[in-house]
Each structure stands twice: as structure tokens, then as C-alpha cells.
file upload_15.csv (CSV, C-alpha atoms)
chain,number,residue,atom,x,y,z
A,1,MET,CA,91.0,91.1,81.3
A,2,ASP,CA,92.6,88.0,82.7
A,3,LYS,CA,93.8,87.7,86.2
A,4,ILE,CA,97.3,86.6,86.7
A,5,LYS,CA,98.9,85.2,89.9
A,6,ILE,CA,102.1,87.0,91.0
A,7,ASP,CA,104.5,86.3,93.8
A,8,ASN,CA,103.2,86.6,97.4
A,9,ASP,CA,106.1,88.8,98.3
A,10,ALA,CA,104.4,91.5,96.2
A,11,ALA,CA,101.6,91.8,98.8
A,12,PHE,CA,102.0,95.4,99.7
A,13,LEU,CA,99.6,98.2,100.2
A,14,TYR,CA,99.3,101.0,97.6
A,15,PRO,CA,100.5,103.4,98.6
A,16,MET,CA,102.0,103.3,102.1
A,17,PRO,CA,102.3,106.3,104.5
A,18,MET,CA,105.8,107.3,105.5
A,19,VAL,CA,106.9,108.1,109.0
A,20,LEU,CA,110.1,108.7,110.9
A,21,VAL,CA,110.3,106.7,114.1
A,22,GLY,CA,112.3,108.3,116.8
A,23,SER,CA,114.0,106.6,119.8
A,24,ILE,CA,116.8,107.1,122.2
A,25,VAL,CA,119.5,104.4,121.8
A,26,GLU,CA,122.6,104.5,123.9
A,27,LYS,CA,121.7,108.1,125.0
A,28,LYS,CA,121.5,109.3,121.4
A,29,ALA,CA,118.4,110.3,119.4
A,30,ASN,CA,118.0,108.0,116.5
A,31,PHE,CA,115.5,108.0,113.6
A,32,MET,CA,114.4,105.4,111.1
A,33,ALA,CA,112.1,105.6,108.0
A,34,VAL,CA,109.1,103.4,108.3
A,35,GLY,CA,106.3,102.6,105.8
A,36,TRP,CA,104.7,99.7,107.6
A,37,VAL,CA,102.6,101.6,110.0
A,38,SER,CA,98.9,101.8,110.8
A,39,ARG,CA,96.4,103.0,113.3
A,40,VAL,CA,95.2,99.8,115.0
A,41,ASN,CA,92.7,100.9,117.8
A,42,PHE,CA,90.0,103.5,118.2
A,43,LYS,CA,90.0,104.2,121.9
A,44,PRO,CA,92.5,104.5,123.2
A,45,PRO,CA,94.3,105.5,120.0
A,46,LEU,CA,97.0,102.9,119.2
A,47,ILE,CA,99.4,102.9,116.3
A,48,ALA,CA,101.5,99.9,115.2
A,49,ILE,CA,104.9,100.0,113.5
A,50,ALA,CA,106.4,96.8,112.1
A,51,LEU,CA,110.2,96.9,112.4
A,52,GLY,CA,112.8,94.5,111.2
A,53,PRO,CA,115.8,93.9,113.5
A,54,HIS,CA,117.1,97.5,113.7
A,55,HIS,CA,119.1,99.7,116.0
A,56,THR,CA,115.9,101.5,116.9
A,57,ASN,CA,114.4,98.4,118.5
A,58,LYS,CA,117.0,98.5,121.3
A,59,GLY,CA,115.8,101.9,122.3
A,60,ILE,CA,112.1,101.0,122.2
A,61,ASP,CA,112.7,97.7,124.1
A,62,GLU,CA,114.7,99.5,126.8
A,63,ASN,CA,112.8,102.7,127.2
A,64,LYS,CA,109.2,101.7,126.3
A,65,GLU,CA,108.8,105.0,124.5
A,66,PHE,CA,109.2,106.2,121.0
A,67,SER,CA,108.0,108.9,118.6
A,68,ILE,CA,106.2,108.9,115.3
A,69,ASN,CA,106.9,111.9,113.1
A,70,ILE,CA,105.2,112.5,109.8
A,71,PRO,CA,107.6,114.2,107.4
A,72,ASN,CA,106.6,116.4,104.5
A,73,VAL,CA,107.9,116.6,100.9
A,74,PRO,CA,110.7,119.1,101.8
A,75,LEU,CA,112.0,116.4,104.3
A,76,MET,CA,112.0,113.6,101.7
A,77,GLU,CA,115.8,113.5,101.3
A,78,GLN,CA,116.5,113.5,105.0
A,79,THR,CA,113.9,110.8,105.5
A,80,ASP,CA,115.4,108.6,102.8
A,81,TYR,CA,118.8,109.2,104.4
A,82,CYS,CA,117.5,107.8,107.7
A,83,GLY,CA,116.4,104.7,105.8
A,84,LEU,CA,119.8,104.3,104.2
A,85,VAL,CA,122.1,104.3,107.2
A,86,SER,CA,121.9,102.5,110.5
A,87,GLY,CA,122.1,104.3,113.9
A,88,ASN,CA,124.5,101.5,114.8
A,89,LYS,CA,127.2,103.0,112.6
A,90,THR,CA,126.0,106.6,112.0
A,91,ASP,CA,124.9,109.3,114.4
A,92,LYS,CA,121.6,110.6,113.2
A,93,SER,CA,120.9,112.8,116.2
A,94,GLU,CA,121.8,116.0,114.3
A,95,VAL,CA,119.9,115.4,111.1
A,96,PHE,CA,116.9,117.3,112.5
A,97,ASP,CA,116.1,120.0,115.0
A,98,LEU,CA,114.6,118.2,118.0
A,99,PHE,CA,112.3,118.9,120.8
A,100,TYR,CA,110.7,116.9,123.6
A,101,GLY,CA,107.3,116.6,125.1
A,102,GLU,CA,106.7,114.9,128.4
A,103,TYR,CA,108.7,111.8,127.3
A,104,ASP,CA,112.4,111.9,127.5
A,105,ASN,CA,112.9,108.9,125.2
A,106,ALA,CA,110.6,110.1,122.4
A,107,PRO,CA,112.6,112.6,120.4
A,108,LEU,CA,110.4,114.8,118.2
A,109,ILE,CA,111.3,116.4,115.0
A,110,ARG,CA,110.6,120.2,114.8
A,111,GLU,CA,110.6,120.2,111.0
A,112,CYS,CA,107.8,117.6,110.8
A,113,PRO,CA,104.2,118.8,110.5
A,114,ILE,CA,103.0,116.1,112.9
A,115,CYS,CA,104.9,114.7,115.9
A,116,ILE,CA,103.5,112.0,118.2
A,117,SER,CA,105.1,110.8,121.4
A,118,CYS,CA,104.1,107.2,122.3
A,119,SER,CA,104.4,104.9,125.2
A,120,LEU,CA,104.9,101.2,124.3
A,121,TYR,CA,101.6,99.4,124.7
A,122,ASP,CA,102.8,96.0,123.4
A,123,ALA,CA,105.5,94.4,121.4
A,124,ILE,CA,104.5,91.4,119.3
A,125,LYS,CA,107.1,89.2,117.8
A,126,LEU,CA,106.4,88.1,114.3
A,127,PRO,CA,108.6,85.7,112.3
A,128,TYR,CA,110.9,88.5,111.1
A,129,ASN,CA,109.5,91.8,112.3
A,130,THR,CA,108.5,93.0,115.7
A,131,LEU,CA,105.1,94.8,115.8
A,132,TYR,CA,105.5,97.7,118.2
A,133,ILE,CA,102.2,99.0,119.3
A,134,GLY,CA,102.4,102.5,120.7
A,135,GLU,CA,99.8,104.5,122.6
A,136,PRO,CA,100.0,108.2,121.5
A,137,LYS,CA,100.3,110.4,124.5
A,138,GLU,CA,100.9,113.8,122.9
A,139,VAL,CA,100.3,115.0,119.4
A,140,PHE,CA,102.0,118.1,118.2
A,141,THR,CA,101.4,120.2,115.1
A,142,GLU,CA,101.3,123.9,114.1
A,143,GLU,CA,98.4,126.1,113.2
A,144,ARG,CA,99.7,126.4,109.6
A,145,TYR,CA,98.9,122.7,109.0
A,146,MET,CA,95.3,123.0,110.0
A,147,THR,CA,92.0,124.1,108.4
A,148,ASP,CA,88.9,124.6,110.6
A,149,ASN,CA,90.7,123.0,113.6
A,150,GLN,CA,91.5,119.8,111.7
A,151,LEU,CA,94.8,118.6,110.2
A,152,ASP,CA,94.8,119.3,106.5
A,153,VAL,CA,96.7,116.8,104.3
A,154,LYS,CA,97.3,119.4,101.6
A,155,LYS,CA,98.9,121.7,104.1
A,156,ILE,CA,100.9,118.9,105.7
A,157,ASN,CA,102.2,117.8,102.3
A,158,PRO,CA,103.3,114.3,103.2
A,159,PHE,CA,104.6,111.7,100.8
A,160,THR,CA,103.9,108.0,100.4
A,161,LEU,CA,105.9,105.0,99.4
A,162,THR,CA,105.3,102.1,97.0
A,163,MET,CA,107.2,98.8,97.2
A,164,PRO,CA,108.9,96.8,95.7
A,165,ASP,CA,109.4,99.5,93.0
A,166,ASN,CA,110.6,101.9,95.7
A,167,ASN,CA,109.1,105.2,94.7
A,168,TYR,CA,107.9,108.2,96.7
A,169,TRP,CA,104.6,109.9,95.7
A,170,SER,CA,102.9,113.1,96.6
A,171,VAL,CA,99.2,113.2,97.7
A,172,GLY,CA,97.1,114.1,94.7
A,173,GLU,CA,93.7,115.7,94.3
A,174,ASN,CA,90.7,115.5,96.6
A,175,LEU,CA,88.2,112.9,95.3
A,176,GLY,CA,85.3,113.4,97.7
A,177,LYS,CA,84.1,112.7,101.2
A,178,ALA,CA,84.4,109.4,102.9
A,179,TRP,CA,81.3,107.9,104.5
A,180,ASN,CA,79.4,110.1,102.1
A,181,ILE,CA,79.9,109.5,98.4
A,182,GLY,CA,78.5,105.9,98.7
A,183,LYS,CA,75.1,107.3,99.9
A,184,ARG,CA,73.7,107.4,96.4
A,185,LEU,CA,74.3,103.6,96.1
A,186,LYS,CA,72.8,103.1,99.5
A,187,LYS,CA,69.6,104.8,98.4
A,188,GLN,CA,69.4,102.8,95.2
A,189,ARG,CA,69.7,99.4,96.9
B,1,MET,CA,106.4,128.4,114.1
B,2,ASP,CA,105.1,127.3,117.5
B,3,LYS,CA,104.1,123.8,118.1
B,4,ILE,CA,100.6,123.2,119.5
B,5,LYS,CA,99.3,120.1,121.3
B,6,ILE,CA,96.1,118.6,119.8
B,7,ASP,CA,93.9,115.8,120.9
B,8,ASN,CA,95.4,112.3,121.0
B,9,ASP,CA,92.4,111.0,119.0
B,10,ALA,CA,93.9,112.9,116.1
B,11,ALA,CA,96.8,110.5,115.9
B,12,PHE,CA,96.2,109.1,112.4
B,13,LEU,CA,98.6,108.4,109.5
B,14,TYR,CA,98.6,110.8,106.5
B,15,PRO,CA,97.3,109.4,104.2
B,16,MET,CA,96.0,105.9,104.7
B,17,PRO,CA,95.7,103.2,102.0
B,18,MET,CA,92.2,101.9,101.4
B,19,VAL,CA,91.3,98.3,101.0
B,20,LEU,CA,88.2,96.2,100.8
B,21,VAL,CA,88.3,93.2,103.1
B,22,GLY,CA,86.3,90.3,101.9
B,23,SER,CA,84.9,87.4,104.0
B,24,ILE,CA,82.2,84.8,103.9
B,25,VAL,CA,79.6,85.4,106.7
B,26,GLU,CA,76.7,83.1,107.0
B,27,LYS,CA,77.4,81.7,103.5
B,28,LYS,CA,77.3,85.2,101.9
B,29,ALA,CA,80.3,87.1,100.5
B,30,ASN,CA,80.7,90.4,102.5
B,31,PHE,CA,83.0,93.4,102.1
B,32,MET,CA,84.1,96.2,104.3
B,33,ALA,CA,86.1,99.3,103.7
B,34,VAL,CA,89.3,99.4,105.8
B,35,GLY,CA,92.0,102.1,106.1
B,36,TRP,CA,93.8,100.7,109.1
B,37,VAL,CA,95.9,98.2,107.3
B,38,SER,CA,99.7,97.6,107.0
B,39,ARG,CA,102.2,95.1,105.9
B,40,VAL,CA,103.7,93.8,109.2
B,41,ASN,CA,106.2,91.1,108.3
B,42,PHE,CA,108.9,90.6,105.6
B,43,LYS,CA,109.1,86.8,105.2
B,44,PRO,CA,106.6,85.3,105.2
B,45,PRO,CA,104.6,88.4,104.0
B,46,LEU,CA,102.0,89.2,106.6
B,47,ILE,CA,99.4,92.0,106.4
B,48,ALA,CA,97.4,93.3,109.4
B,49,ILE,CA,94.0,94.8,109.4
B,50,ALA,CA,92.5,96.5,112.5
B,51,LEU,CA,88.7,95.9,112.6
B,52,GLY,CA,86.2,97.3,115.1
B,53,PRO,CA,83.4,94.9,116.1
B,54,HIS,CA,81.9,94.3,112.6
B,55,HIS,CA,79.9,91.7,110.7
B,56,THR,CA,83.1,90.7,108.9
B,57,ASN,CA,84.8,89.6,112.1
B,58,LYS,CA,82.4,86.6,112.4
B,59,GLY,CA,83.5,85.3,109.0
B,60,ILE,CA,87.2,85.7,109.7
B,61,ASP,CA,86.9,84.1,113.2
B,62,GLU,CA,84.9,81.2,111.8
B,63,ASN,CA,86.7,80.5,108.5
B,64,LYS,CA,90.3,81.7,109.3
B,65,GLU,CA,90.4,83.1,105.8
B,66,PHE,CA,89.7,86.5,104.3
B,67,SER,CA,90.7,88.7,101.3
B,68,ILE,CA,92.3,92.1,100.9
B,69,ASN,CA,91.3,93.8,97.6
B,70,ILE,CA,92.8,97.2,96.6
B,71,PRO,CA,90.1,99.2,94.8
B,72,ASN,CA,90.9,101.9,92.3
B,73,VAL,CA,89.4,105.4,91.8
B,74,PRO,CA,86.5,104.2,89.6
B,75,LEU,CA,85.5,101.9,92.5
B,76,MET,CA,85.5,104.7,95.1
B,77,GLU,CA,81.7,105.0,95.3
B,78,GLN,CA,81.2,101.2,95.8
B,79,THR,CA,84.0,101.1,98.3
B,80,ASP,CA,82.5,104.0,100.3
B,81,TYR,CA,79.1,102.2,100.1
B,82,CYS,CA,80.7,99.1,101.7
B,83,GLY,CA,81.8,101.4,104.6
B,84,LEU,CA,78.4,102.8,105.0
B,85,VAL,CA,76.2,99.7,105.4
B,86,SER,CA,76.7,96.6,107.6
B,87,GLY,CA,76.6,93.1,106.2
B,88,ASN,CA,74.4,92.4,109.2
B,89,LYS,CA,71.5,94.3,107.6
B,90,THR,CA,72.5,94.5,103.9
B,91,ASP,CA,73.5,91.9,101.4
B,92,LYS,CA,76.7,93.2,99.8
B,93,SER,CA,77.5,89.9,97.9
B,94,GLU,CA,76.3,91.4,94.5
B,95,VAL,CA,78.1,94.8,94.7
B,96,PHE,CA,81.1,93.4,92.8
B,97,ASP,CA,81.8,90.6,90.3
B,98,LEU,CA,83.5,88.0,92.4
B,99,PHE,CA,86.0,85.2,91.8
B,100,TYR,CA,87.8,82.8,94.0
B,101,GLY,CA,91.4,81.4,94.2
B,102,GLU,CA,92.2,78.3,96.3
B,103,TYR,CA,90.3,79.7,99.3
B,104,ASP,CA,86.6,79.3,99.4
B,105,ASN,CA,86.2,81.8,102.2
B,106,ALA,CA,88.2,84.6,100.6
B,107,PRO,CA,86.0,86.2,98.0
B,108,LEU,CA,88.0,88.3,95.5
B,109,ILE,CA,86.8,91.3,93.6
B,110,ARG,CA,87.3,91.1,89.8
B,111,GLU,CA,87.1,94.9,89.4
B,112,CYS,CA,90.0,95.5,91.9
B,113,PRO,CA,93.5,95.8,90.4
B,114,ILE,CA,95.0,93.8,93.3
B,115,CYS,CA,93.3,90.9,95.1
B,116,ILE,CA,95.0,89.0,97.9
B,117,SER,CA,93.6,85.8,99.5
B,118,CYS,CA,94.9,85.4,103.1
B,119,SER,CA,94.8,82.7,105.7
B,120,LEU,CA,94.5,83.9,109.3
B,121,TYR,CA,97.9,84.0,111.0
B,122,ASP,CA,96.8,85.5,114.3
B,123,ALA,CA,94.0,87.6,115.8
B,124,ILE,CA,95.1,90.0,118.5
B,125,LYS,CA,92.5,91.5,120.7
B,126,LEU,CA,93.1,95.2,121.4
B,127,PRO,CA,90.9,97.3,123.7
B,128,TYR,CA,88.4,98.1,120.9
B,129,ASN,CA,89.7,96.7,117.6
B,130,THR,CA,90.9,93.2,116.7
B,131,LEU,CA,94.1,93.1,114.8
B,132,TYR,CA,93.7,90.3,112.2
B,133,ILE,CA,97.0,89.3,110.8
B,134,GLY,CA,96.7,87.5,107.5
B,135,GLU,CA,99.2,85.6,105.5
B,136,PRO,CA,98.8,86.3,101.8
B,137,LYS,CA,98.6,83.0,100.0
B,138,GLU,CA,97.7,84.2,96.5
B,139,VAL,CA,98.1,87.7,94.9
B,140,PHE,CA,96.1,88.4,91.7
B,141,THR,CA,96.5,91.3,89.3
B,142,GLU,CA,96.4,91.9,85.6
B,143,GLU,CA,99.1,92.7,83.0
B,144,ARG,CA,97.6,96.1,82.5
B,145,TYR,CA,98.5,97.2,86.1
B,146,MET,CA,102.2,96.3,85.7
B,147,THR,CA,105.3,98.0,84.2
B,148,ASP,CA,108.4,95.9,83.8
B,149,ASN,CA,106.9,93.0,85.7
B,150,GLN,CA,106.1,95.2,88.8
B,151,LEU,CA,102.9,96.6,90.0
B,152,ASP,CA,102.6,100.3,88.9
B,153,VAL,CA,100.7,102.6,91.3
B,154,LYS,CA,99.8,105.0,88.5
B,155,LYS,CA,98.2,102.2,86.5
B,156,ILE,CA,96.6,100.7,89.6
B,157,ASN,CA,95.1,104.2,90.4
B,158,PRO,CA,94.2,103.6,94.0
B,159,PHE,CA,92.9,106.2,96.4
B,160,THR,CA,93.8,107.0,100.0
B,161,LEU,CA,91.9,108.2,103.1
B,162,THR,CA,92.5,110.9,105.6
B,163,MET,CA,90.7,111.0,109.0
B,164,PRO,CA,89.1,112.6,111.0
B,165,ASP,CA,88.3,115.0,108.1
B,166,ASN,CA,87.1,111.9,106.1
B,167,ASN,CA,88.4,112.7,102.6
B,168,TYR,CA,89.6,110.5,99.7
B,169,TRP,CA,92.7,111.4,97.7
B,170,SER,CA,94.3,110.3,94.5
B,171,VAL,CA,98.0,109.4,94.3
B,172,GLY,CA,99.9,112.4,93.1
B,173,GLU,CA,103.2,112.8,91.2
B,174,ASN,CA,106.3,110.7,91.4
B,175,LEU,CA,108.8,112.4,93.7
B,176,GLY,CA,111.9,110.1,93.3
B,177,LYS,CA,113.3,106.8,94.3
B,178,ALA,CA,113.3,105.4,97.8
B,179,TRP,CA,116.5,104.1,99.3
B,180,ASN,CA,118.2,106.3,96.8
B,181,ILE,CA,117.5,110.1,97.0
B,182,GLY,CA,119.1,110.2,100.5
B,183,LYS,CA,122.5,109.1,99.0
B,184,ARG,CA,123.7,112.6,98.5
B,185,LEU,CA,123.3,113.3,102.2
B,186,LYS,CA,125.0,110.0,103.0
B,187,LYS,CA,128.1,111.1,101.0
B,188,GLN,CA,128.1,114.6,102.7
B,189,ARG,CA,128.1,113.2,106.3
call {"tool": "encode", "arguments": {"input": "upload_15.csv", "output": "C-alpha cells"}}
result
Amino acid sequence: MDKIKIDNDAAFLYPMPMVLVGSIVEKKANFMAVGWVSRVNFKPPLIAIALGPHHTNKGIDENKEFSINIPNVPLMEQTDYCGLVSGNKTDKSEVFDLFYGEYDNAPLIRECPICISCSLYDAIKLPYNTLYIGEPKEVFTEERYMTDNQLDVKKINPFTLTMPDNNYWSVGENLGKAWNIGKRLKKQR
Amino acid sequence: MDKIKIDNDAAFLYPMPMVLVGSIVEKKANFMAVGWVSRVNFKPPLIAIALGPHHTNKGIDENKEFSINIPNVPLMEQTDYCGLVSGNKTDKSEVFDLFYGEYDNAPLIRECPICISCSLYDAIKLPYNTLYIGEPKEVFTEERYMTDNQLDVKKINPFTLTMPDNNYWSVGENLGKAWNIGKRLKKQR
């Protein structure tokens, strides 16, 4: 089939993980939905989130702390809501049941299967977004989301995002083991 | 249920998108499997990949160009193979059928539904990884991967990764529209 060139703006990942970034802005817990997020360093673990100019940024800039919460499918409506309204106009501090670890400015969402409190490692200004790199200090989960002492994505039941068509997707079937199923090719070559 | 604290090293995203990063190292096309990847800027579009110390880095550092290719499920074995062997010891230039856009140092994989050639925008040294931020210059796809002029994740048929359990997953069912399904909550509040 022939390759066609499409607009550069369509350069997204397929699909993107969805998180809720928590911060304290003007003494209120605030949450935003973020799909531009990635682990970026092995040791220490670092996670980067790319934020446009949002209400959340004020809290992170000021407190140097934030949280990353991974919502599951039952929280999709609340997550989407957090992406629809700005904390600048709407108080989102009561959308979820909150708890705190050691960091007072990293509000954690009890309903989320995974909650990570981060200290700010660096903030890198890009032309439009700011890349906030966080160092995870505490990772919270529950026994019911684990199998053999490891987080189990089918128990977590997260959802993913595609852009620019703006759709949410569940995680499908297990396809095999990474760093393993390529071994047959390795032997052949 | 009670929250438990687990090791910080477990701070991953669930699930992570998978890409093949292409580069030219010592005049040979080389590919590595990468799950630490995210869009990081709106305009211009920028995509970041977090690479440990790999053979690929030499090519990106030298040529300031690389490619991001999104493989589909039929390419899972080849993708995993690229993650198992280093270009330092193994020639991976013939694993895929290649083509090139305007950039001679961004080898593109014909079998991949989406192929993006990037120029290097910035390289940020983190304690272990280097965060290579690329500016997509050309995005290639095929008509068969699109619906109504937009990329269609079900036609693309990509796969995702979870760590540290090291599993690949398909994309599941459509769960609804982003920036939309939260509107009911918005009206209520």
C-alpha cells in the first residue's frame, strides 16, 4: 500500500496512558486529566508530564510537589470532567475522596488504583507546554490490584486515550511477554 | 480497602505505548524498542523519548535526526527482537523494509502503520537516561489506517507495554469520547 504524508500535528502516540495530576493551588486540591506523560529515568525513577498553561501549574511551581494518580474505567467520567473544567473557575477538591502521604501538596485519590506522590525534579519550558519532571517519593496501591506482588494491569483496569479523535479505550488481551517473544528471531539470525 | 506503599521503582504508567526508534549509526539503520515516549508540546508538535545508554544514542547525537515508528500487533515479535539485541553487536538494518522521507538519518519502517521523521529539538541529560525531544517533520501513514481522515487506533492495531511485569497488550474496546463523557457531571455541579 502507498504511504501518504499527513499533517505533523497528527504526531501522537497510540494509545496514550491517562493520569490525574493532583496539586494544591491556593490551598485547594485540584486535579487535571493528562495523557502526555511518560517514565523518563530508570534510577532514580522520574516521570514527566507535559502541561499547557493550566491552573495546576501554579501549584506545582509554588509547592514543588504534585501527584500522579492512575484512574480506572469506573472513574472515566470523573477523569473526563477534570479535563473539561479549569480549577481556576471550578472547585474540584471534592470530586474524589482524598488522602495524603508525606507530602502536603500532593493530594492523592483514594479511588485510584495507583497513587504516586512526587517532588519536582525539574521544570523545562517548551514553546507551549512545560515539562514537569517529578521524582516519585511514595507509590500507593491496594492488594486487590496486585498478582504475585506486582501490579496487574487487568486488575487495575485503566483506560487509554487517542488524539485527535478523542476516544477512550480499555486495555485488551494479553499478547505475550516483553523481552521474550523476540527470542525466536534472535536464534534465527 | 487499605492502601499499601510499594517500591518507588514500580512507578510506571499503565499501559505504555510502544514505538520503534530508528537512527543511522555508523552508516547502518538501527532500531530500538521504546516504551518511555510521550508527546510533550502542542505547537510545534514535540515528542520525547527517554533512552538509556544505547547504541541508538550515538546516531541521534551525531545526526540530530531520528524516526519514531508505531508498530502493530503483527510486528510484535520483530519489535521485541529489537529490544533484545543491541545494534552494537547485531545488524538490525534488514529486519524491516525501509523507506526515507526528507531526512537521510531517520529510517522509516514500511510495515509500521505510522512513521514519523524527527529533527532533534533538544537532548536533556537525566541521571541515567537522556531525554531526546524530537520535532516531527513528516508523518507517514496509509489510507487503510484512517477513518474519516483521522488515524483509527483499531485499524492501526498497536500494542502497549506494562512494566515491571513485562507484558504486551492489545487495545481493547471503545469506552466513549474524551472531553465529552464528563459533561453530565459538569452540568450537575
call {"tool": "closest_residue", "arguments": {"input": "upload_15.csv", "among": "A:Asp104, A:Glu173, A:Asp148, A:Glu65", "to": "chain B", "atoms": "only C-alpha atoms"}}
result
A:Glu173
call {"tool": "atom_distance", "arguments": {"input": "upload_15.csv", "atom1": "CA of Trp36 in chain A", "atom2": "CA of Tyr14 in chain A"}}
result
11.4 Å
call {"tool": "atom_distance", "arguments": {"input": "upload_15.csv", "atom1": "CA of Arg39 in chain B", "atom2": "CA of Ala33 in chain A"}}
result
14.6 Å
call {"tool": "axis_aligned_box", "arguments": {"input": "upload_15.csv", "around": "range 51-68 of chain B", "padding_each_side": "6 Å", "output": "AutoDock Vina command-line options"}}
result
--center_x 86.1 --center_y 88.9 --center_z 108.5 --size_x 24.4 --size_y 28.8 --size_z 27.2
call {"tool": "residues_around", "arguments": {"input": "upload_15.csv", "residues": "range 17-27 of chain B", "least_positions_apart": "3", "cutoff": "9 Å", "atoms": "all atoms listed in the file", "output": "PyMOL selection string"}}
result
(chain A and resi 13-17) or (chain B and resi 30-38+49+55-60+62-63+65-71+79+82+87+104-109+117+158-161)
call {"tool": "residues_around", "arguments": {"input": "upload_15.csv", "residues": "Lys5 in chain A", "least_positions_apart": "2", "cutoff": "9 Å", "atoms": "all atoms listed in the file", "output": "list in words"}}
result
Lys3, Asp7 and Asn8 of chain A; Glu138, Val139, Phe140, Thr141 and Glu142 of chain B
call {"tool": "write_last_selection", "arguments": {"input": "upload_15.csv", "atoms": "C-alpha atoms", "output": "PDB file, keeping the file's coordinate frame"}}
result
ATOM      1  CA  LYS A   3      93.800  87.700  86.200  1.00  0.00           C
ATOM      2  CA  ASP A   7     104.500  86.300  93.800  1.00  0.00           C
ATOM      3  CA  ASN A   8     103.200  86.600  97.400  1.00  0.00           C
TER       4      ASN A   8
ATOM      5  CA  GLU B 138      97.700  84.200  96.500  1.00  0.00           C
ATOM      6  CA  VAL B 139      98.100  87.700  94.900  1.00  0.00           C
ATOM      7  CA  PHE B 140      96.100  88.400  91.700  1.00  0.00           C
ATOM      8  CA  THR B 141      96.500  91.300  89.300  1.00  0.00           C
ATOM      9  CA  GLU B 142      96.400  91.900  85.600  1.00  0.00           C
TER      10      GLU B 142
END
call {"tool": "atom_distance", "arguments": {"input": "upload_15.csv", "atom1": "CA of Trp179 in chain A", "atom2": "CA of Asp80 in chain B"}}
result
5.9 Å
call {"tool": "residues_near_point", "arguments": {"input": "upload_15.csv", "point": "(96.3, 129.2, 111.2)", "cutoff": "12 Å", "atoms": "only C-alpha atoms", "output": "NGL selection string"}}
result
(:A and (141-152 or 155)) or (:B and (1-4))
call {"tool": "closest_residue", "arguments": {"input": "upload_15.csv", "among": "B:Lys89, B:Lys64, B:Lys43, B:Lys125", "to": "chain A", "atoms": "all atoms listed in the file"}}
result
B:Lys43
call {"tool": "closest_residue", "arguments": {"input": "upload_15.csv", "among": "A:Leu51, A:Lys28, A:Tyr168, A:Tyr121", "to": "Leu98 in chain A", "atoms": "only C-alpha atoms"}}
result
A:Lys28
call {"tool": "decode", "arguments": {"input": "upload_15.csv", "residues": "range 104-118 of chain A", "atoms": "N, CA, C and O atoms", "output": "CSV table (one decimal), in the first residue's frame"}}
result
chain,number,residue,atom,x,y,z
A,104,ASP,N,2.4,17.3,51.8
A,104,ASP,CA,1.2,18.0,52.0
A,104,ASP,C,0.6,18.6,50.7
A,104,ASP,O,-0.6,18.9,50.7
A,105,ASN,N,1.4,18.7,49.7
A,105,ASN,CA,1.0,19.4,48.5
A,105,ASN,C,0.8,18.4,47.3
A,105,ASN,O,0.8,18.8,46.1
A,106,ALA,N,0.7,17.1,47.6
A,106,ALA,CA,0.5,16.1,46.6
A,106,ALA,C,-0.8,15.3,47.0
A,106,ALA,O,-0.7,14.2,47.6
A,107,PRO,N,-2.0,15.9,46.7
A,107,PRO,CA,-3.2,15.2,47.1
A,107,PRO,C,-3.4,13.9,46.3
A,107,PRO,O,-3.2,13.9,45.1
A,108,LEU,N,-3.7,12.8,47.0
A,108,LEU,CA,-3.8,11.5,46.4
A,108,LEU,C,-5.3,11.1,46.4
A,108,LEU,O,-6.1,11.4,47.3
A,109,ILE,N,-5.7,10.4,45.3
A,109,ILE,CA,-7.1,10.0,45.1
A,109,ILE,C,-7.3,8.5,45.6
A,109,ILE,O,-6.8,7.6,45.0
A,110,ARG,N,-8.1,8.4,46.6
A,110,ARG,CA,-8.4,7.1,47.2
A,110,ARG,C,-9.0,6.1,46.2
A,110,ARG,O,-8.6,4.9,46.2
A,111,GLU,N,-9.8,6.6,45.3
A,111,GLU,CA,-10.5,5.7,44.3
A,111,GLU,C,-9.5,5.2,43.3
A,111,GLU,O,-9.9,4.2,42.5
A,112,CYS,N,-8.4,5.8,43.1
A,112,CYS,CA,-7.4,5.4,42.0
A,112,CYS,C,-6.6,4.2,42.5
A,112,CYS,O,-6.1,4.2,43.6
A,113,PRO,N,-6.4,3.2,41.6
A,113,PRO,CA,-5.7,2.0,41.9
A,113,PRO,C,-4.2,2.3,42.2
A,113,PRO,O,-3.6,1.6,43.0
A,114,ILE,N,-3.6,3.4,41.6
A,114,ILE,CA,-2.2,3.7,41.8
A,114,ILE,C,-2.1,5.2,42.1
A,114,ILE,O,-2.7,6.0,41.3
A,115,CYS,N,-1.4,5.6,43.1
A,115,CYS,CA,-1.3,7.0,43.5
A,115,CYS,C,0.2,7.2,43.8
A,115,CYS,O,0.8,6.5,44.6
A,116,ILE,N,0.8,8.2,43.2
A,116,ILE,CA,2.2,8.5,43.3
A,116,ILE,C,2.4,9.9,43.7
A,116,ILE,O,1.9,10.9,43.1
A,117,SER,N,3.1,10.1,44.8
A,117,SER,CA,3.4,11.5,45.2
A,117,SER,C,4.8,11.8,44.7
A,117,SER,O,5.7,11.0,44.8
A,118,CYS,N,5.0,13.0,44.1
A,118,CYS,CA,6.2,13.3,43.5
A,118,CYS,C,6.7,14.7,44.1
A,118,CYS,O,6.0,15.6,44.4
